[in-house]
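Student: Here it is, the structure in full.
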Amino acid sequence: MTVDTETRADPGAATLPPLRVRFDAIRARTIALVDGLSAEDLVAQSMPDASPAKWHLAHTTWFFDALVLGTRGQPRVRPEWGVLLNSYYDALGAKHPRPERGLLTRPSLAEVLAYRRDVDAAMREALRGELDSARLELVELGLQHEQQHQELIVTDLLHLFSRNPLGPALRASPAPASRETPLEWIEHADEGVAEIGAGEHGFAFDNERPRHRVWLSPFALASRPVTNAEFLAFVEADDYRDPQWWLSDGFARATEENWRMPLYWRRDERGGVEQFGVAGWRALDPNAPAVHLSYYEADAYARFVGARLPTEFEWEAIAQSHPPLGGDVWEWTSSAYSPYPGFRPFAGIAAEYNGKFMSGQMVLRGGSWATPRDHIRTSYRNFFPPHARWQFSGLRLARTLGRDRA
Ligand SMILES: [Fe+2]
């Protein structure tokens, strides 16, 4: 990892401000995300995969406390909280189990907010002084990590609120704003070699490197993600119950959990469909991207319309020449999350960040409306298990060119 606080490698991306300015801005944005919410909102945990917002506030702070300020990964400011706030770093010691994070009524929200202020003060002091290059890299990683958790705060609160019969809203307006956009196909008509992955300069996660070559056969990628109106046709045809479209694991999961439509959809009294979002229950927006789909649903829908999901390499090859390609919804690809040839995990204390999760998950590309804009990269590889539905995950269709099949 190399830290470059002034520029970023992604062509067309905005120039980044200095690290100290970004530190204050990113830390403040996290607090802004929970502005107006109650302590009760922030402590509850709605399912094992989700975390309470209070835990996100504390854990992102622990990252700086333990990995930047601390010694050998032990937090300096609140050493006794390490066991509560270590998420998955086995090398750093004991961890409280994720499914039980909602039981942590102590420390209180006020104590967690005070922790944030104390660590922020210590970090500002450290950033004024002499941090060595390894710690500067960990500051950058900590900021990127906090931006990842900013989206998780939204997805986890949304899931929590979805379980409340009153349907509370996180904010007044729905997201994202939608407009009708015709579907076009972006053709990649020539077969050949594509360069994939992040270059050597600028920040990227270790899983985006090294940049390497892949062979692409002719294909076409849709110009936008699948919309609610389009996905509704799959629902109305009752194709959640038609095994011909489904992977075996997906059909078993859909049957076992009685999936009939995407997560957060429900029938209204007139037979229409409502969707739960950050603005509460609303009539389904036909033009908005279909979202909260598992990989299984995305893959089944693509088969249903005679298309397929793109590989992550096809997605990135098109995105390199169409920089605004992603950003409304994460897009499932057909690529399993695995290391690029020559992959090397981050050195030292952050080695566990990405590499140890490279089994049983699929890659998503792009970014959602809840992803901070300066966190989106063409080479970014998000990943989740194929059954995950609570993220802002949708799909974009692809087709193979020059053959009689999708
Ligand atoms: Fe984390």
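Simple scheme: letters A, B, ... for chains in structure tokens order, numbers from 1 for residues in each chain, numbers from 1 for ligands in the order shown.
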As a quick test: using only C-alpha atoms and all ligand atoms, which residues lie no more than 12 Å away from ligand 1? Give them as an MDAnalysis selection string.

Tutor: chainID A and resid 50:51 55:64 85:89 98 141:153 350 352:354

Student: Using only C-alpha atoms, what table do you get, as JSON lines, when you list each residue of stretch 30-92 of chain A with an atom no more than 12 Å from stretch 365-386 of chain A, its nearest pair of atoms, and their distance in Å rounded to one decimal, rows by chain then rising number?

Tutor:
```
{"residue": "A:Thr30", "atom": "CA", "partner": "A:Pro372", "partner_atom": "CA", "distance": 10.7}
{"residue": "A:Leu33", "atom": "CA", "partner": "A:Ala370", "partner_atom": "CA", "distance": 10.5}
{"residue": "A:Asp49", "atom": "CA", "partner": "A:Phe384", "partner_atom": "CA", "distance": 11.0}
```

Student: Considering only C-alpha atoms, can you say which of A:Ala91, A:Gly277, A:Thr227, A:Gly192 comes closest to A:Pro168?

Tutor: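 Once distances to A:Pro168 are computed over only C-alpha atoms, the minimum belongs to A:Gly277.
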
Student: Just to confirm, what's the straight-line distance from atom CA of A:Leu69 to atom CA of A:Pro107 in Å (one decimal)?

Tutor: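 Atom CA of A:Pro107 lies 20.7 Å from atom CA of A:Leu69.
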
Student: If you run DSSP over the backbone, which residues in stretch 34-273 of chain A end up helix (DSSP H, G or I)? Put them as a PyMOL selection string.

Tutor: chain A and resi 39-43+53-69+79-85+90-92+98-103+109-128+133-162+206-208+228-236+239-241+243-245+248-256

Student: Looking at A:Ile349, A:Ala300, A:Leu37, A:Ala283, which one is nearest to A:Val68, with distances taken over only C-alpha atoms?

Tutor: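 For A:Val68, the nearest of the candidates is A:Ile349.
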